[in-house]
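Here the structure is laid out as C-alpha cells; the discussion comes afterwards.
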Amino acid sequence: MATRNICIFTTFISFLLMSSSTALAEDKNYLARGSSISTGDETTTILVSPNGAFTCGFYKVATNAFTFSIWFSWATDKTVAWTANRDAPVNGKGSRLIFQKDGALALLDYNGTVVWSTNTTASGSSRAMLLNSGDLVVMDTDGHHLWRSFNSPTDTLLPMQPMTRNTKLVSASARGLLYSGMYAFYFASNNILTLIYNGPETSSIYWPDPFHLPWETGRSTYNSTRYGILDQTGRFVASDQLEFEASDLGDEIMRRFTLDYDGNLRLYSLNITSGNWSISWMALPQLCKIHGLCGANSLCRYRPELESCSCLEGFEMIDSSDWSKGCRRKTNITPNQDFSFRKLTGTDLWGYDFNYSELYPWWMCRDMCLNNTDCLAFGYRKGTGECYPKVFLFNGRNFPDPYNDIYLRVPKVVSSSPELAAGLIHGCEVTEKEAYPSSQMSVGGNSSFKFGYFISSALTLLVIEVTLIIVGCWIVYKLERRPEIMDEGYVIISSQFRRFSYDELQKATKCFQEELGSGASGAVYKGVLDDGRKVAVKKLNDVMQGEQEFRSELSVIGRIYHMNLVRIWGFCDERTQKLLVSEFVENGSLDKFLFDYQDINPVLQWSQRYNIALGVAKGLAYLHHEWIIHCDVEPENILLDEEFEPKIADFGLVKVLNRGAGAQVLSRVHGTRGYIAPEWALNLPITGKADVYSYGIVLLELVKGVRASSWVIEGEEEVEMSIRSTAEILKDKLVTKDQSWLLEFVDCRLDGEFNYLQAVIMLKIAVSCVEEERSKRPSMSHVLETLLSLVE
C-alpha cells in the first residue's frame with residue numbers, strides 16, 4: 001500500500017512539474033520558424049515532450065562543449081537517447097539551435113558556422129516538436145513529418161522506432177562519452193541484423209555467432225525487407241526472424257534498446273521511482289564473445305560473475321586505462337630468432353587465419369606457422385585435425401570446447417622463463433598421438449589396459465635383449481683377438497655417415513661456442529672431431545618426425561656424395577636433441593661475397609662466378625637424379641671452399657621424393673621470399689622445376705651482383721612482379737645484336753672484365769628458368785649441358 005501511494009504521489013508531482021513547465025513557457029513544447037534555443041540563455045535551453053518523459057536541448061559533454069541531444073527526463077543520469085552532432089560538440093557560449101526561416105532546423109556554433117541541419121525547405125516546414133515517443137520531428141502545416149530523429153539514430157532505439165536498411169546504431173566510445181565508438185548494429189547485405197567491430201586496424205562480425213551459418217542460429221537471409229521494431233511491451237521482431245522479449249514484458253514501462261560502449265546490445269527498463277535502469281535482455285551474456293573487447297594481443301578470461309582481460313605472454317598493455325587498445329610486445333623480435341610455441345589450452349583467437357587446413361597432423365600445422373614469418377600463432381583442434389595459422393592475434397578468449405588449443409609463437413629466450421615452462425610445448429616432447437593424423441583423429445575404441453598383452457610383450461623383449469647381449473659379447477670376444485682389424489674397421493666406419501653422441505658434439509664444438517650462422521632449419525656451429533676433421537654442426541629446429549622417420553630420411557642424405565654438395569658425416573638423435581654433422585666449408589656462403597658492398601671480402605671475378613653457376617647446376621642435377629628436391633636454393637645455402645668451388649648445403653632436409661609419386665610432392669611453402677617458385681603460391685604439386693626457378697634467380701644475382709629482392713621497379717610493389725618485369729626486359733634485349741647494355745647490367749665491380757658470350761648464355765638460361773609456367777622451364781640437366789658447352 002505504501003509503495004502504491006509513493007507511485008501515485010510521484011506521478012502527481014511529475015504531472016504538476018509538467019503542467020508548471022507548460023504554463024511557464026509554452027514554447028518549450030515546440031519551435032516555430034525563426035525561433036531558437038541557445039547555450040547561453042538559461043530560460044530557453046530545452047524542449048520538453050508533452051508527457052514530460054523526454055527533454056531536448058544542449059547536453060554538456062565537457063567544461064565548455066555541448067551536443068544537441070534528446071535525453072530521458074526521469075533518469076537520474078539524464079541518459080541520452082539521440083544526438084545531432086555526436087562527434088562535433090559546439091562551444092558552450094553563443095552556440096544555438098535555430099529553426100531558420102528557410103525551413104531547416106540547424107545547429108550553429110558560436111561563430112555562426114552550421115555544423116548540422118535537417119535540410120528541410122520553407123515551403124512545407126511549420127514547426128519542430130519533441131513527441132511523447134522521444135522523436136524530434138519537423139512538421140508541415142498538415143502535421144506530416146518532413147524530418148524525424150527516429151530515421152537517424154545514434155546508439156539507441158526507442159519503442160516503435162523502426163530499424164531499417166538505412167539505419168545503424170553506433171556505440172559510444174566509452175562509458176559516459178557520446179563520441180562514436182567501434183561497434184555497429186545494422187542490417188548486413190545478407191539481410192541479417194548484425195553486430196560488427198570496426199577497429200582502427202581490422203573489423204569482424206561477432207553476432208550472430210560467426211562459428212555458425214545464419215540459419216543455424218535461427219535467422220533467415222531470404223527476407224530482403226530489412227525491418228525490425230521494438231514495441232511498447234518490450235517485444236522485438238525483425239524480418240530476419242530475430243525475435244526476443246524483455247524479462248519484464250508488459251506496458252507502462254519506459255524502455256531503450258542500446259548498443260553499449262562495450263559492444264553488447266542491451267534492452268533497458270527505467271524505474272521511474274528511483275530513476276535507475278535495469279537490464280531486461282542482452283544479446284551476448286558472455287562478454288568475451290565480443291570482438292575487440294580486450295584489444296589485440298590479449299585474452300578475455302571468464303571469472304566468476306565477470307570477465308577480465310590479460311595480455312598474452314610476452315606482451316604488455318598499451319594504455320592501462322583502456323583495454324580496447326590491446327597490448328604490444330615487450331621486446332621486438334627479429335626474423336632470425338629461434339622460436340617455440342606456448343600452449344594455451346581451451347583457448348581461441350577468432351579470425352585472421354592465413355591458411356586454414358583440415359586433417360592436418362599437429363606437427364605439420366606447427367611447421368606451417370614456423371616457416372611463415374607472418375605467423376604469430378596457430379590454433380589446432382584435436383580429433384578433427386583443423387589447423388588455423390594466425391597472422392593477427394585478436395579476439396582471444398577461453399573456449400568452451402576443450403579440444404581447441406592455441407599455440408603462441410614466442411622467442412626461445414622468452415619461452416625458457418619459469419612462467420612459460422609449464423605450458424610450453426617443444427617439438428621433441430610431442431607424443432606419437434599428437435604427431436600422426438591417424439592416431440589424432442581416431443574416435444572411440446577400447447583404451448583399457450591389457451595386462452596379458454603387457455606380460456607377453458615384456459617377455460618377448462626380455463628374450464630379445466638376452467639374445468642381443470650374448471651376440472654382442474661374442475662379437476667383442478672375436479674383435480679382441482684381432483685388434484688390428486678392429487682399429488682398421490673403426491677408422492673406416494667412423495669416417496663415414498654415422499650416429500654421434502650429444503656429448504661428443506658438445507665437446508667438438510666447445511659447448512657450441514662458435515656460431516657460423518643460422519637459418520630457418522637451425523643454427524650452425526663450428527667444431528673439430530677427435531680425428532681432427534673440421535665439421536659444421538647444425539641444431540635442427542623443432543624436428544617433429546618420429547625417430548624412425550627421422551633416421552630413414554637421414555639415411556638417404558647420408559648416401560649422397562657429390563663434389564658440389566656438402567658432405568654429411570652423421571647425425572645426433574638423443575631425446576630432445578637432433579643435430580646434423582657436415583663438412584666444414586672454409587669460405588662460408590656465397591651471399592657474403594656476392595652482396596658485400598663494404599669491401600670486407602674480395603670481389604668475385606667473372607671466371608669464379610661462372611664456375612659457381614656451373615657447380616651449382618651440377619649439384620642440383622645430381623640431386624634431381626636422386627629424386628631429391630632442395631626447395632630452398634639461395635646464396636645463403638651455397639657454400640664456397642678454399643678454391644671457391646661451390647657446395648650446396650641443406651639439401652634433403654625438406655622432403656625426399658617418393659619414386660612412385662611421379663616426382664611430385666605436395667608440401668607447405670618452403671624457401672625465401674624472392675626465390676620461391678610461383679607454384680608454391682598456387683598450391684600446385686612441387687617438382688624439381690621449383691629448384692630450377694630458384695636457380696634462375698641465383699644466376700641473375702651472380703651476373704648483376706645485387707640481391708633480387710632489391711630490384712623493385714618503379715610502379716611494382718612485389719618482388720615477384722619486379723623479377724617478372726626484369727625477365728621480360730631481358731628477353732627483348734637478348735635478341736638484339738647490340739650487347740652494349742650488358743655493361744650496365746653486369747656487376748659494375750667487375751669494371752667490364754667479363755666474358756660477353758658467357759654472360760648472355762647465363763642470362764638466357766636465367767630468363768628461361770624463371771618462367772611463370774613451369775613446363776617452359778628447362779631441366780637442370782639441360783642447364784648443365786648448356787653451361788658446359790662454353791667452358792674454356
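Ordered as shown in the C-alpha cells, chains take letters A, B, and onward, while each chain numbers its residues from 1 and ligands are numbered from 1 in the order shown.
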
What parts of range 182-269 of chain A does DSSP call strand (DSSP E or B)? I'd like the answer as a compact mmCIF listing (two decimals) with C-alpha atoms, in the first residue's frame.
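Wrote it out as selection-v8.txt, contents follow:
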```txt
# COMPACT_ATOMS: atom_id res chain seq x y z
CA MET A 182 33.98 0.97 -32.71
CA TYR A 183 30.81 -1.17 -32.67
CA ALA A 184 27.83 -1.05 -35.04
CA PHE A 185 24.42 -2.73 -35.27
CA TYR A 186 22.84 -2.83 -38.72
CA PHE A 187 21.26 -4.94 -41.45
CA LEU A 193 20.77 -7.93 -38.25
CA THR A 194 24.44 -7.94 -37.35
CA LEU A 195 26.90 -6.70 -34.74
CA ILE A 196 30.31 -5.75 -36.10
CA TYR A 197 33.55 -4.49 -34.62
CA ASN A 198 35.13 -1.70 -36.72
CA SER A 203 36.91 -5.38 -38.48
CA SER A 204 34.89 -8.53 -37.87
CA ILE A 205 31.30 -9.68 -37.30
CA TYR A 206 30.71 -11.32 -33.93
CA TRP A 207 26.89 -11.62 -33.72
CA TYR A 227 12.83 -4.16 -40.95
CA GLY A 228 12.72 -4.56 -37.18
CA ILE A 229 10.90 -2.86 -34.34
CA LEU A 230 10.64 -2.87 -30.55
CA ARG A 235 8.99 -7.43 -27.66
CA PHE A 236 11.37 -7.10 -30.64
CA VAL A 237 10.60 -8.63 -34.05
CA ALA A 238 12.68 -8.36 -37.25
CA GLU A 243 12.79 -12.28 -32.01
CA PHE A 244 13.26 -11.61 -28.32
CA GLU A 245 11.33 -10.08 -25.44
CA ARG A 255 12.46 1.25 -22.38
CA ARG A 256 15.51 1.80 -24.53
CA PHE A 257 17.40 -0.60 -26.80
CA THR A 258 21.07 0.46 -26.74
CA LEU A 259 24.33 -0.67 -28.33
CA LEU A 265 23.20 -4.92 -27.28
CA ARG A 266 21.03 -4.45 -24.21
CA LEU A 267 17.38 -3.73 -23.59
CA TYR A 268 16.88 -1.49 -20.55
CA SER A 269 13.82 -0.72 -18.40
```

I want to know what sits within 10 Å of range 72-88 of chain A, based on only C-alpha atoms, with residues of the same chain fewer than 5 positions away left out; could you give that as a ChimeraX atom specification?
/A:14,48-49,52-59,65-67,106-107,109,115-118,134-136,149-150,152-158,172,176-180,254,256-258,270-277

Which of range 531-708 of chain A fall in helix (DSSP H, G or I), as a VMD selection string
chain A and resid 547 to 558 591 to 594 606 to 625 635 to 637 659 to 661 678 to 681 689 to 704 708

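The closest residue to Pro778 in chain A, picked from A:Ala617, A:Leu293, A:Val760, A:Cys300 and counting only C-alpha atoms, is A:Ala617.
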
Just want the 12 Å neighbourhood of Leu146 in chain A, counted on only C-alpha atoms, with same-chain residues fewer than 3 positions away dropped. Output as a ChimeraX atom specification.
/A:103-105,118-129,136-143,149-151

Output for the residues just chosen: C-alpha atoms as an mmCIF file, in the first residue's frame:
```cif
data_model
loop_
_atom_site.group_PDB
_atom_site.id
_atom_site.type_symbol
_atom_site.label_atom_id
_atom_site.label_comp_id
_atom_site.auth_asym_id
_atom_site.auth_seq_id
_atom_site.Cartn_x
_atom_site.Cartn_y
_atom_site.Cartn_z
ATOM 1 C CA GLY A 103 12.598 25.833 -43.187
ATOM 2 C CA ALA A 104 15.642 23.954 -41.868
ATOM 3 C CA LEU A 105 16.347 23.110 -38.250
ATOM 4 C CA THR A 118 17.742 18.809 -41.190
ATOM 5 C CA ASN A 119 17.925 20.186 -44.769
ATOM 6 C CA THR A 120 14.154 20.736 -44.900
ATOM 7 C CA THR A 121 12.610 23.546 -47.005
ATOM 8 C CA ALA A 122 10.485 26.592 -46.130
ATOM 9 C CA SER A 123 7.627 25.607 -48.418
ATOM 10 C CA GLY A 124 6.454 22.856 -46.107
ATOM 11 C CA SER A 125 8.121 23.377 -42.731
ATOM 12 C CA SER A 126 5.935 24.712 -39.960
ATOM 13 C CA ARG A 127 7.309 23.705 -36.566
ATOM 14 C CA ALA A 128 9.798 21.448 -34.792
ATOM 15 C CA MET A 129 8.427 19.421 -31.906
ATOM 16 C CA LEU A 136 12.098 15.044 -32.610
ATOM 17 C CA VAL A 137 10.187 15.971 -35.777
ATOM 18 C CA VAL A 138 9.905 18.790 -38.267
ATOM 19 C CA MET A 139 6.273 19.039 -39.414
ATOM 20 C CA ASP A 140 4.355 20.857 -42.108
ATOM 21 C CA THR A 141 1.078 22.694 -41.551
ATOM 22 C CA ASP A 142 -0.896 19.461 -42.026
ATOM 23 C CA GLY A 143 1.085 17.640 -39.346
ATOM 24 C CA SER A 149 15.232 11.942 -35.446
ATOM 25 C CA PHE A 150 13.882 8.356 -35.473
ATOM 26 C CA ASN A 151 15.341 7.986 -39.002
#
```

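Note that the spacing between CA of Asp319 in chain A and CA of Cys288 in chain A amounts to 19.5 Å.
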
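For the residues A:Asp732, A:Glu504, A:Asp262, A:Glu574, ranking by smallest atom-to-atom distance to Asp531 in chain A using only C-alpha atoms places A:Glu504 first.
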
From the list A:Arg226, A:His630, A:His145, A:Arg397, which residue is nearest Ile557 in chain A when using only C-alpha atoms?
A:His630

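Counting only C-alpha atoms, the residue from A:Arg148, A:Lys325, A:His562, A:Arg707 that sits nearest to Gly199 in chain A is A:Lys325.
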
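Counting only C-alpha atoms and comparing A:Met721, A:Val114, A:Ile697, A:Ile638, the residue that lies closest to Cys769 in chain A is A:Ile697.
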